[in-house]
$ cat input_21.txt   # compact mmCIF, C-alpha atoms
# COMPACT_ATOMS: atom_id res chain seq x y z
CA MET U 9 115.88 -33.67 162.86
CA SER U 10 113.52 -33.89 159.98
CA LEU U 11 110.87 -31.34 159.35
CA GLN U 12 107.53 -32.08 160.90
CA THR U 13 104.28 -30.61 159.73
CA PRO U 14 101.44 -31.23 162.18
CA ARG U 15 97.96 -31.55 160.69
CA ILE U 16 95.64 -28.94 162.14
CA LEU U 17 92.20 -27.35 161.96
CA PRO U 18 91.63 -23.58 161.78
CA SER U 19 91.04 -23.40 165.54
CA HIS U 20 94.61 -24.57 166.16
CA LEU U 21 96.23 -21.81 164.10
CA HIS U 22 96.98 -19.63 167.10
CA ALA U 23 98.69 -22.47 168.92
CA PHE U 24 101.21 -22.70 166.10
CA HIS U 25 101.69 -18.97 165.74
CA SER U 26 105.19 -17.72 166.49
CA SER U 27 103.98 -15.59 169.37
CA SER U 28 102.67 -18.58 171.29
CA THR U 29 105.64 -20.86 170.71
CA SER U 30 108.47 -18.35 170.99
CA THR U 31 108.55 -18.72 174.77
CA ASN U 32 110.09 -22.18 174.78
CA THR U 33 111.98 -22.10 171.51
CA SER U 34 114.37 -19.67 169.94
CA GLY U 35 114.81 -18.75 166.32
CA PRO U 36 112.84 -20.10 163.42
CA ARG U 37 111.31 -23.42 164.35
CA SER U 38 109.72 -26.10 162.23
CA SER U 39 106.78 -26.24 164.60
CA HIS U 40 105.34 -23.25 162.79
CA THR U 41 104.95 -25.28 159.67
CA VAL U 42 101.61 -26.98 159.51
CA ARG U 43 99.35 -28.96 157.23
CA ILE U 44 95.73 -28.11 156.71
CA LEU U 45 93.00 -29.45 154.48
CA GLY U 46 90.22 -27.41 152.91
CA THR U 47 88.19 -26.51 149.86
CA VAL U 48 89.25 -23.49 147.84
CA THR U 49 86.38 -21.01 148.10
CA ALA U 50 87.99 -17.76 147.00
CA LEU U 51 90.96 -16.72 144.90
CA ARG U 52 92.20 -13.13 145.03
CA GLY U 53 95.47 -12.97 143.18
CA ASP U 54 98.09 -13.41 145.84
CA THR U 55 95.73 -14.61 148.56
CA ALA U 56 93.06 -17.28 148.67
CA THR U 57 90.55 -18.68 151.14
CA ILE U 58 89.96 -22.30 151.97
CA THR U 59 86.98 -23.60 153.88
CA CYS U 60 87.74 -26.40 156.31
CA GLY U 61 84.59 -28.46 156.65
CA ASN U 62 82.46 -26.68 159.23
CA HIS U 63 85.48 -25.34 161.08
CA GLY U 64 85.56 -22.04 159.26
CA ASP U 65 87.85 -20.41 156.74
CA VAL U 66 91.59 -19.87 156.55
CA THR U 67 93.28 -17.18 154.50
CA LEU U 68 96.26 -18.31 152.50
CA ILE U 69 99.13 -16.15 151.31
CA LEU U 70 100.06 -17.71 148.00
CA LYS U 71 103.42 -17.92 146.36
CA PRO U 72 103.76 -17.13 142.67
CA ASP U 73 103.87 -20.75 141.59
CA SER U 74 100.99 -22.08 143.68
CA HIS U 75 98.20 -23.02 141.35
CA LEU U 76 95.00 -23.43 143.30
CA GLN U 77 91.73 -24.07 141.55
CA MET U 78 88.32 -22.98 142.79
CA GLY U 79 86.21 -25.71 144.34
CA LYS U 80 89.04 -28.21 144.68
CA LEU U 81 90.06 -29.90 147.89
CA VAL U 82 93.62 -28.94 148.71
CA GLU U 83 96.12 -29.90 151.34
CA ILE U 84 98.34 -26.98 152.24
CA VAL U 85 101.76 -27.15 153.82
CA GLY U 86 102.67 -23.73 155.06
CA LYS U 87 103.86 -21.45 157.81
CA VAL U 88 101.49 -19.73 160.18
CA ALA U 89 101.81 -16.01 159.48
CA ASP U 90 100.23 -12.68 160.36
CA LEU U 91 97.94 -11.26 157.72
CA GLU U 92 98.29 -7.69 156.53
CA GLY U 93 94.74 -6.85 157.50
CA GLY U 94 95.19 -8.44 160.93
CA GLY U 95 94.47 -11.97 161.99
CA VAL U 96 96.37 -15.14 161.30
CA GLY U 97 96.74 -17.03 158.05
CA ILE U 98 99.05 -19.46 156.35
CA ARG U 99 101.90 -18.66 153.99
CA VAL U 100 101.79 -21.46 151.46
CA LEU U 101 104.95 -23.49 150.94
CA GLY U 102 103.36 -26.31 149.03
CA SER U 103 99.96 -27.51 148.02
CA MET U 104 98.52 -30.80 146.96
CA ASP U 105 95.34 -31.02 144.91
CA TRP U 106 93.07 -33.83 146.10
CA GLY U 107 90.34 -33.16 143.53
CA ASN U 108 86.67 -33.22 144.37
CA PRO U 109 85.88 -32.34 148.01
CA ALA U 110 82.95 -34.75 147.88
CA ASP U 111 85.41 -37.64 147.69
CA CYS U 112 86.80 -36.83 151.10
CA ASP U 113 85.03 -37.42 154.38
CA TYR U 114 86.11 -34.39 156.38
CA ARG U 115 85.06 -36.03 159.62
CA ILE U 116 87.85 -38.58 159.17
CA TYR U 117 90.30 -35.70 158.89
CA GLU U 118 88.93 -34.26 162.13
CA GLN U 119 89.60 -37.59 163.81
CA VAL U 120 93.08 -37.69 162.33
CA VAL U 121 93.87 -34.24 163.71
CA ASN U 122 92.52 -35.29 167.07
CA ALA U 123 94.50 -38.54 167.13
CA THR U 124 97.74 -37.00 165.89
CA HIS U 125 97.73 -34.42 168.65
CA ARG U 126 96.89 -36.92 171.36
CA LEU U 127 99.47 -39.47 170.34
CA LYS U 128 102.60 -37.34 170.19
CA PRO U 129 104.99 -40.29 170.52
CA ILE U 130 104.13 -41.63 167.09
CA PHE U 131 103.34 -38.40 165.26
CA TYR U 132 105.10 -35.28 166.42
CA ASP U 133 107.89 -34.28 168.73
CA GLU U 134 106.86 -31.95 171.51
CA MET P 5 119.36 -105.43 179.24
CA ASP P 6 116.18 -105.42 177.24
CA ASN P 7 115.36 -102.16 178.73
CA GLY P 8 118.72 -100.75 177.85
CA TYR P 9 118.35 -101.90 174.30
CA ASN P 10 114.97 -100.29 173.98
CA ASN P 11 116.32 -97.12 175.32
CA TYR P 12 119.09 -97.29 172.87
CA SER P 13 116.82 -97.92 169.92
CA SER P 14 114.46 -95.20 170.91
CA THR P 15 117.22 -92.68 171.24
CA TYR P 16 118.65 -93.98 168.05
CA SER P 17 115.42 -93.49 166.14
CA GLY P 18 115.17 -90.09 167.73
CA GLY P 19 118.60 -89.40 166.36
CA GLY P 20 117.62 -90.84 163.00
CA GLY P 21 114.97 -88.29 162.56
CA SER P 22 117.44 -85.72 163.55
CA GLY P 23 118.52 -84.55 160.25
CA GLY P 24 115.61 -82.78 161.86
CA GLY P 25 117.07 -83.08 165.35
CA PHE P 26 119.47 -80.34 164.57
CA MET P 27 116.89 -78.18 162.95
CA PRO P 28 115.34 -76.56 165.98
CA GLY P 29 118.71 -75.44 167.23
CA GLU P 30 119.65 -74.12 163.87
CA MET P 31 116.44 -72.24 163.52
CA ASN P 32 116.88 -70.48 166.82
CA SER P 33 120.50 -69.52 166.78
CA PRO P 34 120.66 -66.89 164.03
CA SER P 35 117.57 -65.33 165.51
CA GLY P 36 117.96 -62.19 163.47
CA GLY P 37 117.20 -63.37 159.98
CA LYS P 38 115.12 -66.46 160.55
CA SER P 39 112.46 -65.09 162.83
CA ASP P 40 111.73 -62.61 160.09
CA TYR P 41 110.11 -65.33 158.09
CA THR P 42 107.98 -66.74 160.87
CA ASN P 43 106.75 -63.29 161.79
CA ALA P 44 104.74 -62.52 158.69
CA THR P 45 102.97 -59.45 159.97
CA LEU P 46 102.43 -56.16 158.21
CA ARG P 47 102.24 -53.21 160.51
CA PRO P 48 100.90 -49.77 159.59
CA ILE P 49 103.22 -47.11 160.96
CA THR P 50 104.10 -43.44 160.68
CA ILE P 51 107.50 -42.36 159.43
CA LYS P 52 108.33 -41.05 162.89
CA GLN P 53 107.80 -44.56 164.23
CA ALA P 54 110.13 -45.93 161.57
CA LEU P 55 112.80 -43.44 162.59
CA ASP P 56 112.26 -44.12 166.29
CA ALA P 57 112.24 -47.91 165.94
CA ILE P 58 114.90 -49.51 168.10
CA GLN P 59 117.22 -52.41 167.49
CA PRO P 60 117.99 -54.21 170.77
CA TYR P 61 121.33 -55.37 169.40
CA PRO P 62 123.00 -55.07 165.98
CA GLU P 63 121.30 -57.12 163.26
CA ALA P 64 118.30 -57.74 165.49
CA PRO P 65 114.81 -57.24 164.15
CA TYR P 66 113.52 -53.73 164.72
CA GLN P 67 111.10 -53.07 167.54
CA ILE P 68 108.34 -50.50 167.70
CA ASP P 69 106.48 -50.15 171.01
CA SER P 70 108.63 -53.13 172.14
CA ALA P 71 106.99 -55.39 169.59
CA GLU P 72 109.04 -56.87 166.79
CA VAL P 73 108.18 -55.56 163.37
CA ALA P 74 108.63 -57.57 160.20
CA SER P 75 107.02 -55.72 157.32
CA VAL P 76 105.70 -52.22 157.60
CA THR P 77 103.50 -50.02 155.49
CA PHE P 78 103.20 -46.26 155.48
CA ILE P 79 101.93 -43.44 153.31
CA GLY P 80 103.90 -40.32 152.57
CA GLN P 81 104.34 -37.51 150.12
CA VAL P 82 107.12 -38.13 147.60
CA ARG P 83 109.71 -35.37 148.04
CA ASN P 84 112.41 -36.75 145.81
CA ILE P 85 112.81 -39.55 143.31
CA SER P 86 116.28 -40.65 142.36
CA SER P 87 116.64 -43.39 139.80
CA GLN P 88 119.87 -45.31 139.80
CA SER P 89 120.78 -48.21 137.58
CA THR P 90 119.94 -50.78 140.25
CA ASN P 91 117.30 -49.07 142.33
CA ILE P 92 114.92 -46.18 142.71
CA THR P 93 115.10 -44.21 145.91
CA TYR P 94 112.06 -42.24 147.02
CA LYS P 95 112.23 -39.70 149.78
CA LEU P 96 108.93 -39.70 151.63
CA ASP P 97 107.44 -37.27 154.10
CA ASP P 98 104.18 -37.86 155.95
CA GLY P 99 104.27 -34.82 158.20
CA THR P 100 105.86 -36.77 161.06
CA GLY P 101 109.30 -37.21 159.50
CA GLU P 102 111.22 -38.09 156.41
CA ILE P 103 112.64 -41.42 155.32
CA GLU P 104 113.99 -42.95 152.14
CA ALA P 105 112.48 -46.00 150.52
CA LYS P 106 114.69 -47.99 148.20
CA GLN P 107 113.12 -50.19 145.59
CA TRP P 108 115.29 -52.51 143.54
CA ILE P 109 114.70 -52.19 139.82
CA ASP P 110 114.76 -55.93 139.28
CA SER P 111 111.38 -56.52 140.89
CA MET P 112 110.00 -53.50 139.10
CA THR P 113 110.62 -54.88 135.66
CA ALA P 114 109.16 -58.19 136.74
CA ASP P 115 106.06 -56.33 137.83
CA SER P 116 105.57 -54.44 134.65
CA MET P 117 106.14 -57.56 132.60
CA ASP P 118 103.35 -59.24 134.47
CA THR P 119 100.95 -56.46 133.71
CA ASP P 120 102.12 -56.22 130.14
CA ASP P 121 101.07 -59.66 129.14
CA PRO P 122 97.32 -59.70 129.62
CA ASN P 123 96.58 -56.33 128.08
CA THR P 124 99.32 -55.17 125.79
CA ASN P 125 97.28 -52.26 124.49
CA SER P 126 96.89 -50.47 127.76
CA THR P 127 100.50 -50.74 128.89
CA SER P 128 101.06 -47.04 128.64
CA ASN P 129 97.84 -46.47 130.53
CA ASN P 130 98.90 -48.88 133.21
CA LYS P 131 102.24 -47.22 133.53
CA ASN P 132 100.64 -43.86 134.07
CA LYS P 133 98.33 -45.33 136.63
CA ASN P 134 101.15 -46.77 138.71
CA GLN P 135 103.52 -43.91 138.10
CA ILE P 136 104.84 -42.34 141.26
CA GLU P 137 104.71 -38.58 140.93
CA LEU P 138 106.89 -36.03 142.64
CA ASN P 139 104.95 -34.41 145.51
CA GLY P 140 102.17 -36.95 145.10
CA TYR P 141 101.32 -39.40 147.86
CA ALA P 142 102.53 -42.97 147.77
CA ARG P 143 102.08 -46.05 149.89
CA VAL P 144 105.15 -48.11 150.64
CA PHE P 145 105.27 -51.74 151.74
CA GLY P 146 108.66 -52.90 152.92
CA LYS P 147 111.07 -53.74 155.68
CA LEU P 148 113.09 -51.46 157.92
CA LYS P 149 116.77 -51.52 157.09
CA SER P 150 119.81 -49.48 157.93
CA PHE P 151 123.01 -48.72 156.15
CA GLY P 152 125.68 -47.21 158.31
CA ASN P 153 123.78 -44.84 160.54
CA LYS P 154 121.13 -44.14 157.99
CA ARG P 155 117.77 -45.81 158.29
CA PHE P 156 115.75 -46.61 155.21
CA VAL P 157 112.99 -48.89 154.04
CA GLY P 158 113.66 -51.72 151.63
CA ALA P 159 110.49 -51.41 149.60
CA HIS P 160 108.72 -54.40 148.10
CA CYS P 161 106.09 -52.25 146.55
CA VAL P 162 105.51 -48.53 146.10
CA ARG P 163 102.23 -47.36 144.66
CA PRO P 164 100.51 -44.01 144.34
CA VAL P 165 97.67 -43.05 146.69
CA ARG P 166 94.82 -41.27 144.95
CA ASP P 167 92.18 -41.25 147.68
CA ILE P 168 92.77 -38.94 150.63
CA ASN P 169 90.57 -41.14 152.80
CA GLU P 170 93.15 -43.90 152.44
CA LEU P 171 95.78 -41.56 153.86
CA HIS P 172 93.61 -40.58 156.81
CA CYS P 173 92.54 -44.14 157.40
CA HIS P 174 96.17 -45.23 157.45
CA LEU P 175 97.08 -42.65 160.10
CA LEU P 176 94.20 -43.80 162.28
CA GLU P 177 95.13 -47.43 161.74
CA ALA P 178 98.69 -46.70 162.80
CA SER P 179 97.28 -45.00 165.92
CA ALA P 180 95.07 -47.97 166.71
CA VAL P 181 97.91 -50.45 166.39
CA HIS P 182 100.20 -48.23 168.48
CA LEU P 183 97.54 -48.08 171.20
CA PHE P 184 97.11 -51.84 171.01
CA PHE P 185 100.77 -52.43 171.74
CA THR P 186 101.11 -49.77 174.41
CA ARG P 187 97.79 -50.10 176.23
CA GLY P 188 96.64 -53.59 175.37
CA PRO P 189 93.66 -54.78 173.35
CA SER P 190 90.78 -52.42 172.94
CA THR P 191 87.39 -53.09 174.44
CA ALA P 192 84.87 -55.05 172.43
CA SER P 193 83.04 -51.93 171.31
CA SER P 194 85.60 -51.00 168.67
CA GLY P 195 85.72 -54.30 166.87
CA GLY P 196 87.59 -52.98 163.89
CA ALA P 197 90.55 -51.68 165.77
CA GLY P 198 90.65 -54.76 167.96
CA ALA P 199 90.77 -57.12 165.02
CA GLU P 200 93.45 -55.05 163.42
CA GLY P 201 95.54 -55.20 166.53
CA ALA P 202 95.03 -58.92 166.91
CA GLY P 203 96.65 -59.40 163.55
CA GLY P 204 99.76 -57.67 164.76
CA MET P 205 99.62 -59.52 168.05
CA LYS P 206 101.31 -62.63 166.79
CA GLY P 207 104.45 -60.68 166.17
CA GLY P 208 104.38 -59.04 169.54
CA ASP P 209 103.66 -62.18 171.51
CA SER P 210 107.13 -62.93 172.73
CA ALA P 211 107.92 -59.30 173.28
CA MET P 212 104.89 -58.95 175.50
CA GLY P 213 106.31 -61.48 177.91
CA GLY P 214 104.66 -64.52 176.40
CA VAL P 215 101.23 -63.96 177.85
CA SER P 216 99.05 -66.80 176.67
CA ALA P 217 96.96 -64.91 174.12
CA GLY P 218 95.34 -61.61 173.41
CA ASP P 219 91.78 -62.85 173.68
CA ASP P 220 92.36 -64.09 177.22
CA TYR P 221 91.79 -60.67 178.58
CA GLY P 222 90.64 -59.02 175.42
CA ALA P 223 87.09 -59.99 176.25
CA GLY P 224 87.24 -58.31 179.63
CA LYS P 225 87.04 -54.66 180.45
CA GLY P 226 89.86 -52.52 179.13
CA LEU P 227 92.55 -52.74 181.78
CA PRO P 228 94.91 -49.85 182.27
CA ALA P 229 98.49 -50.54 181.20
CA MET P 230 99.99 -53.15 183.52
CA SER P 231 102.28 -56.13 183.67
CA PRO P 232 101.37 -59.41 181.96
CA VAL P 233 101.22 -61.19 185.33
CA ALA P 234 98.75 -58.65 186.63
CA LYS P 235 96.61 -59.23 183.56
CA ARG P 236 96.64 -62.97 184.15
CA VAL P 237 95.69 -62.56 187.79
CA TYR P 238 92.88 -60.24 186.80
CA HIS P 239 91.69 -62.71 184.20
CA LEU P 240 91.68 -65.56 186.72
CA LEU P 241 89.72 -63.51 189.24
CA LYS P 242 87.27 -62.69 186.52
CA THR P 243 86.67 -66.24 185.32
CA GLU P 244 87.29 -68.51 188.31
CA PRO P 245 84.17 -69.61 190.22
CA GLN P 246 84.37 -68.05 193.69
CA SER P 247 82.37 -66.84 196.65
CA ASN P 248 81.92 -63.15 197.25
CA GLU P 249 85.08 -63.29 199.34
CA GLY P 250 87.09 -63.65 196.14
CA LEU P 251 90.28 -65.66 195.89
CA HIS P 252 93.30 -65.93 198.16
CA ALA P 253 96.65 -64.96 196.70
CA GLN P 254 98.07 -68.42 197.44
CA LEU P 255 95.25 -70.09 195.53
CA ILE P 256 95.90 -67.75 192.61
CA ALA P 257 99.60 -68.56 192.75
CA ALA P 258 98.79 -72.28 192.65
CA LYS P 259 96.29 -71.94 189.81
CA LEU P 260 98.62 -69.90 187.66
CA SER P 261 101.70 -71.83 188.85
CA LEU P 262 103.42 -68.57 189.66
CA PRO P 263 105.67 -67.78 192.62
CA MET P 264 103.89 -66.05 195.47
CA PRO P 265 105.93 -62.80 195.35
CA ASP P 266 104.95 -62.30 191.70
CA VAL P 267 101.29 -62.73 192.53
CA ALA P 268 101.60 -60.36 195.47
CA ARG P 269 103.20 -57.78 193.21
CA ALA P 270 100.51 -58.25 190.58
CA GLY P 271 97.91 -57.87 193.31
CA ASP P 272 99.45 -54.60 194.44
CA GLU P 273 99.39 -53.39 190.87
CA LEU P 274 95.72 -54.28 190.46
CA LEU P 275 94.82 -52.79 193.83
CA THR P 276 96.57 -49.55 192.93
CA ALA P 277 94.75 -49.46 189.63
CA GLY P 278 91.51 -49.88 191.53
CA VAL P 279 90.24 -52.84 189.53
CA ILE P 280 90.26 -55.32 192.46
CA PHE P 281 89.77 -54.91 196.19
CA SER P 282 90.80 -56.95 199.22
CA THR P 283 88.03 -58.71 201.10
CA VAL P 284 88.49 -60.78 204.32
CA ASP P 285 92.22 -60.09 204.59
CA GLU P 286 94.78 -58.21 202.56
CA HIS P 287 95.64 -61.27 200.48
CA THR P 288 92.13 -62.18 199.41
CA TRP P 289 90.98 -60.27 196.40
CA ALA P 290 87.84 -59.87 194.35
CA ILE P 291 87.09 -57.98 191.17
CA LEU P 292 85.79 -54.49 191.72
CA GLU P 293 82.69 -54.39 189.53
CA PHE P 294 81.20 -51.05 188.70
$ encode --input "input_21.txt" --output "structure tokens"
Amino acid sequence: MSLQTPRILPSHLHAFHSSSTSTNTSGPRSSHTVRILGTVTALRGDTATITCGNHGDVTLILKPDSHLQMGKLVEIVGKVADLEGGGVGIRVLGSMDWGNPADCDYRIYEQVVNATHRLKPIFYDE
Amino acid sequence: MDNGYNNYSSTYSGGGGSGGGFMPGEMNSPSGGKSDYTNATLRPITIKQALDAIQPYPEAPYQIDSAEVASVTFIGQVRNISSQSTNITYKLDDGTGEIEAKQWIDSMTADSMDTDDPNTNSTSNNKNKNQIELNGYARVFGKLKSFGNKRFVGAHCVRPVRDINELHCHLLEASAVHLFFTRGPSTASSGGAGAEGAGGMKGGDSAMGGVSAGDDYGAGKGLPAMSPVAKRVYHLLKTEPQSNEGLHAQLIAAKLSLPMPDVARAGDELLTAGVIFSTVDEHTWAILEF
């Protein structure tokens, strides 16, 4: 099976956390890998924060070769992980720079997230 | 005698034209390849749909949501590019799955030659513009193919996607078309999605049981998923002049030239769905307006 990376909003993070999915699956599962879209609003060395429209912030745990730039819109592919200071964040596996956040209508992304989770047969396996 | 002669001549002339006479048969028999050309639709899909597409029998055209697909288009992130002497293979991932797209070099060079001619100065610029980058997004237009057990896309065109809205729009478009094929045409309110689906309809026509046309019931209220016969019965009840007692099943059967059991079954389906109700007896139905 190929790796699937569901698109999510910050409010869905907990649903993809290992604690909530470990009941029906065993071992490391691809379902923990997600995609999220946001604007880089803080960079702190090995962590960063992205703001996802008006859905709040997500803390990212960066890897050494992830080059995020302040103020850019980025799409993150990563694993949902516990943060050191508590809470849930995303460990970055890959990032894609989409440039100026003003060029993206975040409401369309919200609709995409909504549609992709309603129409499992064409987007994601259960 | 005269009559016989006429008959003869008419059949003869029929036969004369039948350099063409053989044609229809020929066109139908190798249904695999030929129908591909008459079904000139382009369907937006996700990679998962491409992987899940079924082939009713070997060499048959692929089906998605039980509608035949000719050309498809999808957007994905380029995970690998491998250039061989005859083709370039891109591995694409759109979050729903991974698939390879194979583009033959031949057409590529033809493409770049076309763009070279008008503006020789900006060739390098042009190249950069249409360059597919690793981990960048790209849109693929092509046809579903398989080699052995491996499914891939024979790409006519691969181009980079620079606007994230295009990606999102594509995913929503794929959703709309999927819903069109699984749940029928959308209601009039969402004109855009409806029109989009109608484009794909031509391809799906036969697969959908040869119902006359999409717009027959497209204008009506959105029906829940049901059989084509049920949709026709509903449509007739909706449009046929009638008293408030509605129409009798036998009359419907006559009007639609359908066998009575089929109409009865369609009626049951509609009754269960709660879109019609029985009036004077259990075989006289009227539309349930609300």
$ interface_residues --input "input_21.txt" --of "chain U" --to "chain P" --cutoff "9 Å" --atoms "only C-alpha atoms" --output "PDB file with C-alpha atoms, in the frame of the given file"
ATOM      1  CA  MET U   9     115.880 -33.670 162.860  1.00  0.00           C
ATOM      2  CA  SER U  10     113.520 -33.890 159.980  1.00  0.00           C
ATOM      3  CA  LEU U  11     110.870 -31.340 159.350  1.00  0.00           C
ATOM      4  CA  GLN U  12     107.530 -32.080 160.900  1.00  0.00           C
ATOM      5  CA  THR U  13     104.280 -30.610 159.730  1.00  0.00           C
ATOM      6  CA  PRO U  14     101.440 -31.230 162.180  1.00  0.00           C
ATOM      7  CA  ARG U  15      97.960 -31.550 160.690  1.00  0.00           C
ATOM      8  CA  VAL U  42     101.610 -26.980 159.510  1.00  0.00           C
ATOM      9  CA  ARG U  43      99.350 -28.960 157.230  1.00  0.00           C
ATOM     10  CA  GLY U 102     103.360 -26.310 149.030  1.00  0.00           C
ATOM     11  CA  SER U 103      99.960 -27.510 148.020  1.00  0.00           C
ATOM     12  CA  MET U 104      98.520 -30.800 146.960  1.00  0.00           C
ATOM     13  CA  TRP U 106      93.070 -33.830 146.100  1.00  0.00           C
ATOM     14  CA  ASP U 111      85.410 -37.640 147.690  1.00  0.00           C
ATOM     15  CA  CYS U 112      86.800 -36.830 151.100  1.00  0.00           C
ATOM     16  CA  ASP U 113      85.030 -37.420 154.380  1.00  0.00           C
ATOM     17  CA  TYR U 114      86.110 -34.390 156.380  1.00  0.00           C
ATOM     18  CA  ILE U 116      87.850 -38.580 159.170  1.00  0.00           C
ATOM     19  CA  TYR U 117      90.300 -35.700 158.890  1.00  0.00           C
ATOM     20  CA  GLN U 119      89.600 -37.590 163.810  1.00  0.00           C
ATOM     21  CA  VAL U 120      93.080 -37.690 162.330  1.00  0.00           C
ATOM     22  CA  ALA U 123      94.500 -38.540 167.130  1.00  0.00           C
ATOM     23  CA  THR U 124      97.740 -37.000 165.890  1.00  0.00           C
ATOM     24  CA  LEU U 127      99.470 -39.470 170.340  1.00  0.00           C
ATOM     25  CA  PRO U 129     104.990 -40.290 170.520  1.00  0.00           C
ATOM     26  CA  ILE U 130     104.130 -41.630 167.090  1.00  0.00           C
ATOM     27  CA  PHE U 131     103.340 -38.400 165.260  1.00  0.00           C
ATOM     28  CA  TYR U 132     105.100 -35.280 166.420  1.00  0.00           C
ATOM     29  CA  ASP U 133     107.890 -34.280 168.730  1.00  0.00           C
TER      30      ASP U 133
END
$ residues_around --input "input_21.txt" --residues "stretch 92-98 of chain U" --least-positions-apart "2" --cutoff "7 Å" --atoms "all atoms listed in the file" --output "list in words"
Val66, Thr67, Leu68, Ile69, Gly86, Lys87, Val88, Ala89, Asp90 and Val100 of chain U
$ atom_distance --input "input_21.txt" --atom1 "atom CA of P:Thr243" --atom2 "atom CA of P:Phe185"
24.0 Å
$ closest_residue --input "input_21.txt" --among "P:Val157, P:Leu138, P:Val267, P:Val162" --to "P:Arg83" --atoms "only C-alpha atoms"
P:Leu138
$ atom_distance --input "input_21.txt" --atom1 "atom CA of U:Phe24" --atom2 "atom CA of P:Leu96"
23.6 Å
$ residues_around --input "input_21.txt" --residues "P:Asp266" --least-positions-apart "3" --cutoff "9 Å" --atoms "only C-alpha atoms" --output "list in words"
Val233, Ala234, Ala257, Leu262, Pro263, Arg269, Ala270 and Gly271 of chain P
$ write_last_selection --input "input_21.txt" --atoms "C-alpha atoms" --output "PDB file, keeping the file's coordinate frame"
ATOM      1  CA  VAL P 233     101.220 -61.190 185.330  1.00  0.00           C
ATOM      2  CA  ALA P 234      98.750 -58.650 186.630  1.00  0.00           C
ATOM      3  CA  ALA P 257      99.600 -68.560 192.750  1.00  0.00           C
ATOM      4  CA  LEU P 262     103.420 -68.570 189.660  1.00  0.00           C
ATOM      5  CA  PRO P 263     105.670 -67.780 192.620  1.00  0.00           C
ATOM      6  CA  ARG P 269     103.200 -57.780 193.210  1.00  0.00           C
ATOM      7  CA  ALA P 270     100.510 -58.250 190.580  1.00  0.00           C
ATOM      8  CA  GLY P 271      97.910 -57.870 193.310  1.00  0.00           C
TER       9      GLY P 271
END
$ atom_distance --input "input_21.txt" --atom1 "atom CA of U:Gln77" --atom2 "atom CA of P:Ser86"
29.6 Å
$ closest_residue --input "input_21.txt" --among "P:Glu249, P:Ala290, P:Thr77, P:Val144" --to "P:Val237" --atoms "all atoms listed in the file"
P:Ala290
$ closest_residue --input "input_21.txt" --among "U:Lys128, U:His20, U:Lys80, U:His63" --to "U:His40" --atoms "only C-alpha atoms"
U:His20
$ residues_around --input "input_21.txt" --residues "U:Asp54" --least-positions-apart "2" --cutoff "12 Å" --atoms "all atoms listed in the file" --output "PyMOL selection string"
chain U and resi 50-52+56-57+67-76+99-100
$ write_last_selection --input "input_21.txt" --atoms "C-alpha atoms" --output "PDB file, keeping the file's coordinate frame"
ATOM      1  CA  ALA U  50      87.990 -17.760 147.000  1.00  0.00           C
ATOM      2  CA  LEU U  51      90.960 -16.720 144.900  1.00  0.00           C
ATOM      3  CA  ARG U  52      92.200 -13.130 145.030  1.00  0.00           C
ATOM      4  CA  ALA U  56      93.060 -17.280 148.670  1.00  0.00           C
ATOM      5  CA  THR U  57      90.550 -18.680 151.140  1.00  0.00           C
ATOM      6  CA  THR U  67      93.280 -17.180 154.500  1.00  0.00           C
ATOM      7  CA  LEU U  68      96.260 -18.310 152.500  1.00  0.00           C
ATOM      8  CA  ILE U  69      99.130 -16.150 151.310  1.00  0.00           C
ATOM      9  CA  LEU U  70     100.060 -17.710 148.000  1.00  0.00           C
ATOM     10  CA  LYS U  71     103.420 -17.920 146.360  1.00  0.00           C
ATOM     11  CA  PRO U  72     103.760 -17.130 142.670  1.00  0.00           C
ATOM     12  CA  ASP U  73     103.870 -20.750 141.590  1.00  0.00           C
ATOM     13  CA  SER U  74     100.990 -22.080 143.680  1.00  0.00           C
ATOM     14  CA  HIS U  75      98.200 -23.020 141.350  1.00  0.00           C
ATOM     15  CA  LEU U  76      95.000 -23.430 143.300  1.00  0.00           C
ATOM     16  CA  ARG U  99     101.900 -18.660 153.990  1.00  0.00           C
ATOM     17  CA  VAL U 100     101.790 -21.460 151.460  1.00  0.00           C
TER      18      VAL U 100
END
